[in-house]
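**Q** One structure, pasted below without further comment.
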Amino acid sequence: MADSAAEKASKNKKINRLTLAEIEARLEEIKKAEGRWQSRYARALLARKKALTGSN
């Protein structure tokens, strides 16, 4: 039961609190599930990744 609570808490983590590694992992999950990054969540993750890496 504690495992599912910890897993759920990490799943609902706000985008601005995710590390770069967590963002990349979630983007991979989305890519496998949807095949592209057109969802609002995926675009927000990409924007956050861009902000963290400082790329243009």
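Letters A, B, ... mark the chains of the structure tokens in the order given; residue numbers begin at 1 per chain; ligand numbers begin at 1, in order shown.
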Would you pick out the contacts of Leu45 of chain A at 9 Å or less, using only C-alpha atoms, so that residues sharing its chain but fewer than 6 positions from it are not included, and give the list as a ChimeraX atom specification?
**A** /A:15-16,23-24,26-27
**Q** Which neighbours of Thr19 of chain A fall inside 12 Å, counting only C-alpha atoms, when residues of the same chain fewer than 6 positions from it are skipped, and could you give them as a ChimeraX atom specification?
**A** /A:10,13,25-26,45,48-49,51-53
**Q** So that I have them on file, write out the residues from the current selection with C-alpha atoms, as a PDB file, in the first residue's frame.
**A**
ATOM      1  CA  SER A  10       5.598  10.984  -7.764  1.00  0.00           C
ATOM      2  CA  LYS A  13       4.454  15.950  -9.222  1.00  0.00           C
ATOM      3  CA  ALA A  25      11.502   9.765 -18.848  1.00  0.00           C
ATOM      4  CA  ARG A  26       7.951  11.099 -19.058  1.00  0.00           C
ATOM      5  CA  LEU A  45       7.177  19.135 -20.531  1.00  0.00           C
ATOM      6  CA  ARG A  48      10.184  22.993 -19.155  1.00  0.00           C
ATOM      7  CA  LYS A  49      13.004  20.906 -20.649  1.00  0.00           C
ATOM      8  CA  ALA A  51      13.969  26.152 -19.832  1.00  0.00           C
ATOM      9  CA  LEU A  52      16.164  23.776 -17.839  1.00  0.00           C
ATOM     10  CA  THR A  53      18.679  23.168 -20.594  1.00  0.00           C
TER      11      THR A  53
END
**Q** In Å, rounded to a single decimal, give me how far atom CA of Lys14 of chain A is from atom CA of Ala33 of chain A.
**A**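 Distance reported for this atom pair: 20.5 Å.
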**Q** Using only C-alpha atoms, which protein or nucleic acid residues come within 12 Å of Glu28 of chain A? Drop anything in the same chain fewer than 6 positions from it, and give the result as a ChimeraX atom specification.
**A** /A:21-22,34-37,42,45-46
**Q** For the residues in the current selection, export N, CA and C atoms as a PDB file, in the first residue's frame.
**A**
ATOM      1  N   ALA A  21      15.948  14.579 -15.743  1.00  0.00           N
ATOM      2  CA  ALA A  21      15.848  13.141 -15.992  1.00  0.00           C
ATOM      3  C   ALA A  21      14.393  12.669 -15.933  1.00  0.00           C
ATOM      4  N   GLU A  22      13.632  13.190 -14.984  1.00  0.00           N
ATOM      5  CA  GLU A  22      12.216  12.824 -14.868  1.00  0.00           C
ATOM      6  C   GLU A  22      11.427  13.320 -16.076  1.00  0.00           C
ATOM      7  N   GLU A  34       1.651   7.752 -27.392  1.00  0.00           N
ATOM      8  CA  GLU A  34       0.950   8.547 -28.394  1.00  0.00           C
ATOM      9  C   GLU A  34       1.640   8.558 -29.748  1.00  0.00           C
ATOM     10  N   GLY A  35       2.955   8.424 -29.718  1.00  0.00           N
ATOM     11  CA  GLY A  35       3.701   8.492 -30.962  1.00  0.00           C
ATOM     12  C   GLY A  35       4.134   9.889 -31.345  1.00  0.00           C
ATOM     13  N   ARG A  36       3.695  10.877 -30.585  1.00  0.00           N
ATOM     14  CA  ARG A  36       4.072  12.269 -30.854  1.00  0.00           C
ATOM     15  C   ARG A  36       3.874  13.099 -29.594  1.00  0.00           C
ATOM     16  N   TRP A  37       4.246  14.365 -29.668  1.00  0.00           N
ATOM     17  CA  TRP A  37       4.161  15.242 -28.504  1.00  0.00           C
ATOM     18  C   TRP A  37       3.172  16.378 -28.743  1.00  0.00           C
ATOM     19  N   ALA A  42       2.520  17.142 -22.884  1.00  0.00           N
ATOM     20  CA  ALA A  42       3.805  16.921 -23.557  1.00  0.00           C
ATOM     21  C   ALA A  42       4.441  18.251 -23.950  1.00  0.00           C
ATOM     22  N   LEU A  45       5.917  19.805 -20.879  1.00  0.00           N
ATOM     23  CA  LEU A  45       7.177  19.135 -20.531  1.00  0.00           C
ATOM     24  C   LEU A  45       8.316  19.599 -21.434  1.00  0.00           C
ATOM     25  N   LEU A  46       8.034  19.728 -22.718  1.00  0.00           N
ATOM     26  CA  LEU A  46       9.060  20.184 -23.653  1.00  0.00           C
ATOM     27  C   LEU A  46       9.498  21.621 -23.345  1.00  0.00           C
TER      28      LEU A  46
END
